[in-house]
Each structure stands twice: as structure tokens, then as C-alpha cells.
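S.K.: What follows is a structure written as C-alpha cells; I'll ask about it next.
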Amino acid sequence: MVCCIGLGLTGSGAARLIERTAWSELKKQRHLTTEGRAAYEDEARIAAFRALVYRLRTEAGLTQSELAGRMGTTQSAIARMEGGGTRPTLETLEKLATALGGELIVGVGEHLSENRSIAKLVREGRAVVRKVS
């Protein structure tokens, strides 16, 4: 699949077409190892956490500094969370929930992600589900 077609110049200045392939297409063509797949899933989980922190903070009308004050941390720590530079710990999640006046629910069980209430939270962006094998 061609993502876009651009105009490139050769050494003599003549124009030629350059085809570019979308990153999603390249990923489909690559076969990931088990370790590669695990790393990819880990990064996807961190990205979901990053988006969750940002959305919850902005919905609460807080700046990074204000949230940091409530969590007993620094503004730069919140920026790292929102930028995906840290892996969330249970303690961090507890502090986040407390700072935002919410609850933290951690569940372990079979088919939890199929529960309609949990699925709704995921759709609304209020929960992140990670299936482990």
C-alpha cells in the first residue's frame, strides 16, 4: 500500500517519483519474536497509561504542577508520566487515584475484560486492561 507519493530529485536535478510505505504496513510485514511482541505490548500499555494520566488531569482542570502537588511529587515526574517515560507502579496509581478523588481498582481473574462494566470503562478511557498469558 502506498502511503504517499512525493517528488524527489536525482543528482542531475531531474524529478522522479518516490513511493513511501506506511509504518502500519511495514509492521504487518515483520514477524515479531516472542520477546519483540512482549516489548511491543509493554509499550502499548505504557502509551495507554500516558493517555489516561493526561486525560484525567485535564478533565479535572489541573496543571501538571497542581497534580504533582496533590501526589507529593514534582511537575517533571508528571510530565514523564504523560510522556511515557516511566512505567507505572501500583503506588503511583494509588497516588493518582487519591489526587483525583477517584478509586483504583485492580482485578485479577478470567475474562474480566469481557465484563460489561469494565468494557464500558475501557471504552470511556477510564481503564486500561492488560491480558497476561
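Identifiers for the C-alpha cells are assigned positionally: chains receive A, B, ... in sequence, residues are indexed from 1 per chain, and ligands are indexed from 1 in the order shown.
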At a cut-off of 10 Å, using only C-alpha atoms, what residues contact Phe49 in chain A? Leave out same-chain residues fewer than 2 positions from it and give the result as a PDB file with N, CA and C atoms, in the first residue's frame.

M.R.:
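What ended up in out_25.pdb:
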ATOM      1  N   GLU A  43       4.972  -1.492  25.636  1.00  0.00           N
ATOM      2  CA  GLU A  43       4.943  -0.100  25.199  1.00  0.00           C
ATOM      3  C   GLU A  43       3.508   0.369  24.959  1.00  0.00           C
ATOM      4  N   ALA A  44       2.663  -0.514  24.466  1.00  0.00           N
ATOM      5  CA  ALA A  44       1.252  -0.159  24.259  1.00  0.00           C
ATOM      6  C   ALA A  44       0.575   0.117  25.597  1.00  0.00           C
ATOM      7  N   ARG A  45       0.922  -0.661  26.615  1.00  0.00           N
ATOM      8  CA  ARG A  45       0.359  -0.448  27.954  1.00  0.00           C
ATOM      9  C   ARG A  45       0.815   0.893  28.516  1.00  0.00           C
ATOM     10  N   ILE A  46       2.085   1.222  28.312  1.00  0.00           N
ATOM     11  CA  ILE A  46       2.607   2.499  28.802  1.00  0.00           C
ATOM     12  C   ILE A  46       1.938   3.659  28.069  1.00  0.00           C
ATOM     13  N   ALA A  47       1.722   3.511  26.779  1.00  0.00           N
ATOM     14  CA  ALA A  47       1.047   4.550  25.998  1.00  0.00           C
ATOM     15  C   ALA A  47      -0.385   4.755  26.502  1.00  0.00           C
ATOM     16  N   ALA A  51      -1.833   8.273  28.173  1.00  0.00           N
ATOM     17  CA  ALA A  51      -3.051   8.939  27.719  1.00  0.00           C
ATOM     18  C   ALA A  51      -4.059   9.061  28.858  1.00  0.00           C
ATOM     19  N   LEU A  52      -4.135   8.037  29.698  1.00  0.00           N
ATOM     20  CA  LEU A  52      -5.062   8.055  30.834  1.00  0.00           C
ATOM     21  C   LEU A  52      -4.701   9.164  31.809  1.00  0.00           C
ATOM     22  N   VAL A  53      -3.424   9.289  32.163  1.00  0.00           N
ATOM     23  CA  VAL A  53      -2.995  10.327  33.104  1.00  0.00           C
ATOM     24  C   VAL A  53      -3.315  11.711  32.543  1.00  0.00           C
ATOM     25  N   TYR A  54      -2.970  11.923  31.284  1.00  0.00           N
ATOM     26  CA  TYR A  54      -3.221  13.229  30.672  1.00  0.00           C
ATOM     27  C   TYR A  54      -4.712  13.556  30.669  1.00  0.00           C
ATOM     28  N   ARG A  55      -5.530  12.602  30.225  1.00  0.00           N
ATOM     29  CA  ARG A  55      -6.966  12.854  30.132  1.00  0.00           C
ATOM     30  C   ARG A  55      -7.583  13.125  31.488  1.00  0.00           C
ATOM     31  N   MET A  81       5.364  10.931  33.214  1.00  0.00           N
ATOM     32  CA  MET A  81       4.230  10.002  33.145  1.00  0.00           C
ATOM     33  C   MET A  81       3.430  10.241  31.876  1.00  0.00           C
ATOM     34  N   GLU A  82       3.128  11.496  31.596  1.00  0.00           N
ATOM     35  CA  GLU A  82       2.324  11.836  30.420  1.00  0.00           C
ATOM     36  C   GLU A  82       3.095  11.641  29.124  1.00  0.00           C
ATOM     37  N   GLY A  83       4.403  11.653  29.209  1.00  0.00           N
ATOM     38  CA  GLY A  83       5.224  11.469  28.024  1.00  0.00           C
ATOM     39  C   GLY A  83       5.614  10.023  27.797  1.00  0.00           C
ATOM     40  N   GLY A  84       5.207   9.141  28.682  1.00  0.00           N
ATOM     41  CA  GLY A  84       5.516   7.727  28.532  1.00  0.00           C
ATOM     42  C   GLY A  84       6.911   7.349  28.975  1.00  0.00           C
ATOM     43  N   THR A  86       7.946   6.737  31.997  1.00  0.00           N
ATOM     44  CA  THR A  86       8.011   5.915  33.209  1.00  0.00           C
ATOM     45  C   THR A  86       7.017   4.772  33.109  1.00  0.00           C
ATOM     46  N   ARG A  87       7.304   3.729  33.843  1.00  0.00           N
ATOM     47  CA  ARG A  87       6.378   2.599  33.956  1.00  0.00           C
ATOM     48  C   ARG A  87       5.613   2.772  35.267  1.00  0.00           C
ATOM     49  N   PRO A  88       4.301   2.732  35.189  1.00  0.00           N
ATOM     50  CA  PRO A  88       3.521   2.988  36.397  1.00  0.00           C
ATOM     51  C   PRO A  88       3.661   1.857  37.425  1.00  0.00           C
ATOM     52  N   LEU A  93      -0.149   4.594  40.845  1.00  0.00           N
ATOM     53  CA  LEU A  93      -1.572   4.544  40.501  1.00  0.00           C
ATOM     54  C   LEU A  93      -2.449   4.902  41.699  1.00  0.00           C
ATOM     55  N   GLY A 125     -12.215   5.308  28.259  1.00  0.00           N
ATOM     56  CA  GLY A 125     -10.856   5.726  28.545  1.00  0.00           C
ATOM     57  C   GLY A 125     -10.551   5.859  30.020  1.00  0.00           C
ATOM     58  N   ARG A 126     -11.339   5.207  30.852  1.00  0.00           N
ATOM     59  CA  ARG A 126     -11.140   5.299  32.296  1.00  0.00           C
ATOM     60  C   ARG A 126     -10.452   4.068  32.871  1.00  0.00           C
ATOM     61  N   ALA A 127     -10.161   3.111  32.035  1.00  0.00           N
ATOM     62  CA  ALA A 127      -9.497   1.896  32.500  1.00  0.00           C
ATOM     63  C   ALA A 127      -8.580   1.371  31.401  1.00  0.00           C
ATOM     64  N   VAL A 128      -7.552   0.697  31.835  1.00  0.00           N
ATOM     65  CA  VAL A 128      -6.617   0.056  30.926  1.00  0.00           C
ATOM     66  C   VAL A 128      -6.591  -1.421  31.309  1.00  0.00           C
TER      67      VAL A 128
END

S.K.: May I have all residues of range 11-121 of chain A that DSSP, computed from the backbone, assigns to strand (DSSP E or B), given as a PyMOL selection string?

M.R.: chain A and resi 15-21

S.K.: What is the distance between CA of Glu35 in chain A and CA of Arg50 in chain A, in Å to one decimal?

M.R.: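 Here the two named atoms are 22.5 Å from each other.
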
S.K.: Please identify which residues in range 50-90 of chain A DSSP calls alpha helix (DSSP H) from the backbone, and express them as a ChimeraX atom specification.

M.R.: /A:50-59,64-71,75-83,90

S.K.: Applying 10 Å and only C-alpha atoms, which residues near Ala97 in chain A remain after dropping the ones on its own chain fewer than 5 positions away? List them as a list in words.

M.R.: Val53, Leu56, Met71, Glu91, Thr92, Gly102, Glu103, Leu104 and Ile105 of chain A

S.K.: I'd like the contact shell of Ile78 in chain A - 8 Å cut-off, only C-alpha atoms, skipping same-chain residues fewer than 4 positions apart - returned as a PyMOL selection string.

M.R.: chain A and resi 64-65+67-68+73-74+82

S.K.: Taking N, CA and C atoms for each residue, export the selection above as a short mmCIF file (atom, residue, chain, number, x, y, z; two decimals), in the first residue's frame.

M.R.:
data_model
loop_
_atom_site.label_atom_id
_atom_site.label_comp_id
_atom_site.auth_asym_id
_atom_site.auth_seq_id
_atom_site.Cartn_x
_atom_site.Cartn_y
_atom_site.Cartn_z
N GLN A 64 -0.02 20.28 35.45
CA GLN A 64 0.91 19.25 35.89
C GLN A 64 1.43 19.57 37.29
N SER A 65 1.70 20.83 37.56
CA SER A 65 2.21 21.23 38.88
C SER A 65 1.18 20.98 39.98
N LEU A 67 -1.31 18.75 39.94
CA LEU A 67 -1.43 17.31 40.15
C LEU A 67 -0.22 16.79 40.93
N ALA A 68 0.95 17.29 40.59
CA ALA A 68 2.17 16.87 41.29
C ALA A 68 2.08 17.21 42.78
N THR A 73 4.72 14.77 44.46
CA THR A 73 5.84 14.56 43.54
C THR A 73 6.14 15.87 42.83
N THR A 74 6.91 15.82 41.78
CA THR A 74 7.29 17.02 41.05
C THR A 74 6.55 17.12 39.73
N GLU A 82 3.13 11.50 31.60
CA GLU A 82 2.32 11.84 30.42
C GLU A 82 3.10 11.64 29.12
#
